[in-house]
>>> print(open('coords03.txt').read())   # compact mmCIF, C-alpha atoms
# COMPACT_ATOMS: atom_id res chain seq x y z
CA MET Y 181 114.88 83.59 8.31
CA GLU Y 182 115.70 81.29 5.40
CA SER Y 183 116.49 77.71 6.36
CA ARG Y 184 119.89 77.83 4.65
CA LEU Y 185 120.85 81.00 6.52
CA ALA Y 186 119.62 79.53 9.81
CA PHE Y 187 121.70 76.39 9.24
CA LYS Y 188 124.81 78.44 8.44
CA ARG Y 189 124.36 80.53 11.58
CA LEU Y 190 123.87 77.49 13.80
CA LEU Y 191 126.82 75.74 12.18
CA SER Y 192 129.11 78.75 12.70
CA VAL Y 193 128.06 79.19 16.33
CA GLY Y 194 128.42 75.45 16.91
CA ILE Y 195 131.95 75.31 15.47
CA TYR Y 196 132.99 78.28 17.59
CA ALA Y 197 131.50 76.77 20.77
CA ALA Y 198 133.05 73.36 20.10
CA ALA Y 199 136.52 74.84 19.62
CA MET Y 200 136.00 76.97 22.72
CA GLY Y 201 135.04 73.90 24.76
CA ILE Y 202 138.18 72.00 23.76
CA LEU Y 203 140.29 75.09 24.40
CA GLU Y 204 138.82 75.52 27.87
CA ALA Y 205 139.50 71.87 28.66
CA ILE Y 206 143.15 72.48 27.78
CA CYS Y 207 143.23 75.60 29.97
CA VAL Y 208 141.77 73.67 32.91
CA ILE Y 209 144.37 70.92 32.48
CA TYR Y 210 147.11 73.57 32.64
CA ILE Y 211 145.51 75.21 35.69
CA ARG Y 212 145.35 71.86 37.48
CA LYS Y 213 149.08 71.38 36.83
CA ILE Y 214 149.77 74.73 38.49
CA TYR Y 215 147.27 74.24 41.33
CA PRO Y 216 147.08 70.47 42.01
CA ILE Y 217 143.92 69.34 43.82
CA GLU Y 218 142.69 66.00 45.08
CA THR Y 219 140.18 64.10 42.96
CA ASN Y 220 137.79 63.92 45.88
CA TYR Y 221 138.03 67.68 46.39
CA PRO Y 222 137.81 69.28 42.93
CA ILE Y 223 137.47 72.69 44.55
CA PRO Y 224 139.87 75.46 43.50
CA PRO Y 225 142.26 76.70 46.21
CA LEU Y 226 141.50 80.16 47.56
CA ASN Y 227 144.26 81.77 45.51
CA GLU Y 228 142.73 80.22 42.36
CA MET Y 229 139.09 81.03 43.11
CA GLY Y 230 139.38 84.60 41.86
CA ILE Y 231 141.01 83.46 38.63
CA GLU Y 232 138.34 80.80 38.08
CA VAL Y 233 135.48 83.26 38.61
CA ILE Y 234 137.02 85.69 36.12
CA ARG Y 235 137.57 82.86 33.63
CA GLU Y 236 133.96 81.73 33.93
CA ALA Y 237 132.64 85.28 33.59
CA CYS Y 238 134.76 85.80 30.46
CA THR Y 239 133.45 82.53 29.05
CA MET Y 240 129.85 83.71 29.46
CA ILE Y 241 130.69 87.04 27.80
CA MET Y 242 132.32 85.28 24.84
CA LEU Y 243 129.32 82.98 24.40
CA ALA Y 244 126.94 85.93 24.62
CA ALA Y 245 128.92 87.86 22.01
CA VAL Y 246 128.89 85.06 19.44
CA ALA Y 247 125.20 84.39 20.20
CA TRP Y 248 124.40 88.02 19.42
CA LEU Y 249 126.04 87.61 16.02
CA GLY Y 250 124.34 84.25 15.40
CA GLY Y 251 120.76 85.37 16.05
CA THR Y 252 118.56 87.81 14.17
CA ASN Y 253 116.35 89.02 17.01
CA LEU Y 254 116.30 88.91 20.80
CA LEU Y 255 114.70 85.46 21.03
CA THR Y 256 117.02 83.76 18.53
CA ARG Y 257 120.02 85.43 20.17
CA ILE Y 258 118.98 84.07 23.55
CA ALA Y 259 118.47 80.67 21.92
CA CYS Y 260 121.91 80.91 20.31
CA PHE Y 261 123.47 81.66 23.69
CA PHE Y 262 122.09 78.48 25.24
CA TYR Y 263 122.93 76.52 22.08
CA ALA Y 264 126.53 77.74 22.26
CA PHE Y 265 126.61 77.11 26.00
CA GLY Y 266 125.38 73.55 25.47
CA ILE Y 267 127.94 72.68 22.81
CA TRP Y 268 130.73 74.36 24.77
CA ASP Y 269 129.86 72.45 27.94
CA ILE Y 270 129.58 69.07 26.22
CA LEU Y 271 132.83 69.52 24.27
CA TYR Y 272 134.56 70.72 27.44
CA TYR Y 273 134.02 67.33 29.07
CA VAL Y 274 134.79 65.52 25.81
CA GLY Y 275 138.07 67.44 25.72
CA LEU Y 276 138.92 66.59 29.32
CA ARG Y 277 138.21 62.91 28.69
CA TRP Y 278 140.18 62.89 25.44
CA LEU Y 279 143.23 64.81 26.66
CA ASN Y 280 143.34 63.95 30.35
CA GLY Y 281 141.42 60.69 30.77
CA TRP Y 282 138.84 62.28 33.06
CA PRO Y 283 135.94 61.93 33.74
CA VAL Y 284 136.32 58.17 33.86
CA THR Y 285 132.53 57.71 33.76
CA PRO Y 286 129.65 60.16 33.17
CA LEU Y 287 128.70 59.73 36.83
CA ASP Y 288 131.99 61.19 38.15
CA TRP Y 289 131.38 64.29 40.23
CA ASP Y 290 132.77 67.71 39.41
CA CYS Y 291 132.71 71.30 40.58
CA LEU Y 292 130.56 72.55 37.70
CA PHE Y 293 130.50 76.30 38.26
CA LEU Y 294 131.47 78.90 40.82
CA ILE Y 295 129.03 81.77 40.15
CA PRO Y 296 127.42 82.81 42.43
CA LYS Y 297 128.49 79.82 44.60
CA PRO Y 298 129.97 76.40 43.83
CA TRP Y 299 127.76 73.98 41.89
CA TYR Y 300 128.40 70.25 42.30
CA GLY Y 301 127.06 67.19 40.53
CA PRO Y 302 127.85 64.23 38.29
CA VAL Y 303 129.11 65.17 34.83
CA LEU Y 304 126.10 63.49 33.22
CA ALA Y 305 123.63 65.99 34.71
CA PRO Y 306 125.00 69.22 33.12
CA THR Y 307 125.65 67.29 29.89
CA LEU Y 308 121.97 66.34 29.64
CA ILE Y 309 120.94 69.92 30.41
CA SER Y 310 123.29 71.14 27.69
CA ALA Y 311 121.70 68.72 25.23
CA TYR Y 312 118.32 70.18 26.20
CA PHE Y 313 119.62 73.69 25.51
CA CYS Y 314 120.79 72.64 22.04
CA ALA Y 315 117.51 70.91 21.19
CA ALA Y 316 115.43 73.90 22.34
CA CYS Y 317 117.52 76.31 20.25
CA ILE Y 318 117.20 74.14 17.14
CA LEU Y 319 113.43 73.98 17.67
CA ILE Y 320 113.20 77.79 17.88
CA PHE Y 321 115.30 78.22 14.73
CA MET Y 322 113.19 75.64 12.85
CA LEU Y 323 110.04 77.55 13.76
CA GLU Y 324 111.66 80.79 12.58
CA THR Y 325 112.42 79.27 9.18
CA ARG Y 326 108.79 78.14 8.87
CA GLY Y 327 107.47 81.63 9.49
CA LYS Y 328 106.02 80.78 12.91
CA PRO Y 329 108.20 82.76 15.33
CA PHE Y 330 108.21 81.35 18.83
CA ARG Y 331 107.25 83.95 21.44
CA LEU Y 332 108.06 83.46 25.09
CA THR Y 333 104.70 83.98 26.78
CA VAL Y 334 104.41 84.05 30.55
CA PRO Y 335 103.60 80.31 30.89
CA VAL Y 336 106.45 79.24 28.63
CA ALA Y 337 108.99 81.61 30.18
CA ALA Y 338 107.89 80.62 33.69
CA SER Y 339 108.35 76.94 32.89
CA GLN Y 340 111.91 77.51 31.69
CA LEU Y 341 112.84 79.66 34.66
CA MET Y 342 111.33 77.09 37.02
CA ALA Y 343 113.26 74.26 35.34
CA PHE Y 344 116.52 76.20 35.64
CA ALA Y 345 115.78 77.00 39.28
CA ILE Y 346 115.13 73.33 40.06
CA TRP Y 347 118.34 72.24 38.31
CA TYR Y 348 120.30 74.97 40.05
CA TRP Y 349 119.00 73.84 43.44
CA SER Y 350 119.93 70.23 42.66
CA PHE Y 351 123.55 71.39 42.17
CA VAL Y 352 123.91 73.76 45.14
CA LYS Y 353 121.73 72.29 47.89
CA ASP Y 354 124.67 70.27 49.31
CA ALA Y 355 127.37 72.76 48.29
CA ASP Y 356 128.48 73.70 51.80
CA HIS Y 357 128.80 70.07 52.88
CA ILE Y 358 130.73 69.08 49.75
CA SER Y 359 133.03 72.10 49.99
CA ALA Y 360 133.91 71.05 53.53
CA ASN Y 361 133.99 67.27 53.20
CA GLY Y 362 134.35 66.31 49.54
CA PHE Y 363 132.24 63.94 47.48
CA ASP Y 364 132.51 60.78 49.59
CA GLY Y 365 129.08 59.44 50.47
CA MET Y 366 127.24 62.00 48.35
CA SER Y 367 124.43 61.08 45.99
CA TYR Y 368 122.93 63.38 43.40
CA SER Y 369 119.16 64.00 43.45
CA TRP Y 370 118.16 62.54 40.09
CA PRO Y 371 114.44 62.78 40.98
CA LEU Y 372 114.89 66.53 41.41
CA PHE Y 373 116.72 66.67 38.08
CA ALA Y 374 113.86 64.76 36.45
CA VAL Y 375 111.29 67.21 37.80
CA GLY Y 376 113.23 70.06 36.21
CA ALA Y 377 113.39 68.17 32.91
CA VAL Y 378 109.63 67.51 32.90
CA VAL Y 379 108.86 71.16 33.67
CA GLY Y 380 111.25 72.45 31.00
CA CYS Y 381 110.15 70.04 28.26
CA GLY Y 382 106.53 70.59 29.19
CA GLY Y 383 106.93 74.32 28.67
CA LEU Y 384 108.45 73.81 25.23
CA LEU Y 385 105.65 71.40 24.35
CA LEU Y 386 103.05 74.02 25.29
CA GLY Y 387 104.76 76.46 22.97
CA LYS Y 388 104.96 73.91 20.17
CA GLN Y 389 101.23 73.24 20.47
CA GLY Y 390 100.38 76.89 20.08
CA ILE Y 391 100.91 78.73 23.36
CA GLY Y 392 103.61 81.22 22.56
CA PHE Y 393 103.16 81.56 18.82
CA LYS Y 394 102.32 84.80 17.13
CA SER Y 395 98.92 84.68 15.51
>>> encode(input="coords03.txt", output="structure tokens")
Amino acid sequence: MESRLAFKRLLSVGIYAAAMGILEAICVIYIRKIYPIETNYPIPPLNEMGIEVIREACTMIMLAAVAWLGGTNLLTRIACFFYAFGIWDILYYVGLRWLNGWPVTPLDWDCLFLIPKPWYGPVLAPTLISAYFCAACILIFMLETRGKPFRLTVPVAASQLMAFAIWYWSFVKDADHISANGFDGMSYSWPLFAVGAVVGCGGLLLGKQGIGFKS
């Protein structure tokens, strides 16, 4: 892939994801007007849960569709999906802060996702993960333009899956308690988050040093 073409593809996907993030922030603001909820219990009411799950599923489908158009092979399309996801997620919170004044700080807690069960954590945590997604995608595209396609070998793929699993657990391990009692007294496991970050970045570093490149 030529560097100019790669840049154009990333730029197009990024613009789409950014606009989608702002749009989703606006949709959430409207939904909260229809279904008011307490700040300490940012959990959709039962009659809204079904709508929220459908909305989230549609969001993933839309990101996957634009990622398919943005990439040139399976790996770059997967990378584009996480790149789009990262920009969408970051701009979603930027949009909420800009249009609604929330989150007040990056450490404010939120119900992050509902599939397959509620995820909870401070806004800063998913934002950092989204930044990681974007950086990893850009790395893969840079390698493509240099004629050194990045190949997900077993060690590299395992490291990414393990990092995601650790991050997922950090968001859902207290889900039942938070769903029942709210966020008061809760503290996020930043050490667990850090372990996931080390594992994920370590896997990318292995690939960058040669494990995972085509000969």
>>> residues_around(input="coords03.txt", residues="range 370-382 of chain Y", least_positions_apart="2", cutoff="9 Å", atoms="only C-alpha atoms", output="PyMOL selection string")
chain Y and resi 305+309+312+316+336+339-347+349-350+367-368+384-387
>>> closest_atom_pairs(input="coords03.txt", of="range 247-355 of chain Y", to="range 192-198 of chain Y", cutoff="6 Å", atoms="all atoms listed in the file", output="tab-separated table")
residue	atom	partner	partner_atom	distance
Y:Ala264	CA	Y:Ala197	CA	5.3
Y:Ile267	CA	Y:Ala197	CA	5.8
Y:Trp268	CA	Y:Ala197	CA	4.7
Y:Leu271	CA	Y:Ala198	CA	5.7
>>> residues_near_point(input="coords03.txt", point="(110.3, 83.7, 19.6)", cutoff="10 Å", atoms="only C-alpha atoms", output="list in words")
Asn253, Leu254, Leu255, Thr256, Arg257, Ile258, Ala259, Ile320, Phe321, Leu323, Glu324, Lys328, Pro329, Phe330, Arg331, Leu332, Thr333, Gly387, Gly392, Phe393 and Lys394 of chain Y
>>> atom_distance(input="coords03.txt", atom1="CA of Leu287 in chain Y", atom2="CA of His357 in chain Y")
19.1 Å
>>> atom_distance(input="coords03.txt", atom1="CA of Arg212 in chain Y", atom2="CA of Ala244 in chain Y")
26.5 Å
>>> atom_distance(input="coords03.txt", atom1="CA of Ser183 in chain Y", atom2="CA of Ala247 in chain Y")
17.7 Å
>>> residues_near_point(input="coords03.txt", point="(133.9, 77.9, 39.9)", cutoff="7 Å", atoms="all atoms listed in the file", output="PyMOL selection string")
chain Y and resi 229+232-233+291-295+298
>>> closest_residue(input="coords03.txt", among="Y:Ala355, Y:Leu276, Y:Leu190, Y:Ile234", to="Cys260 in chain Y", atoms="all atoms listed in the file")
Y:Leu190
>>> closest_residue(input="coords03.txt", among="Y:Gly251, Y:Asn280, Y:Phe262, Y:Pro286", to="Phe187 in chain Y", atoms="all atoms listed in the file")
Y:Gly251
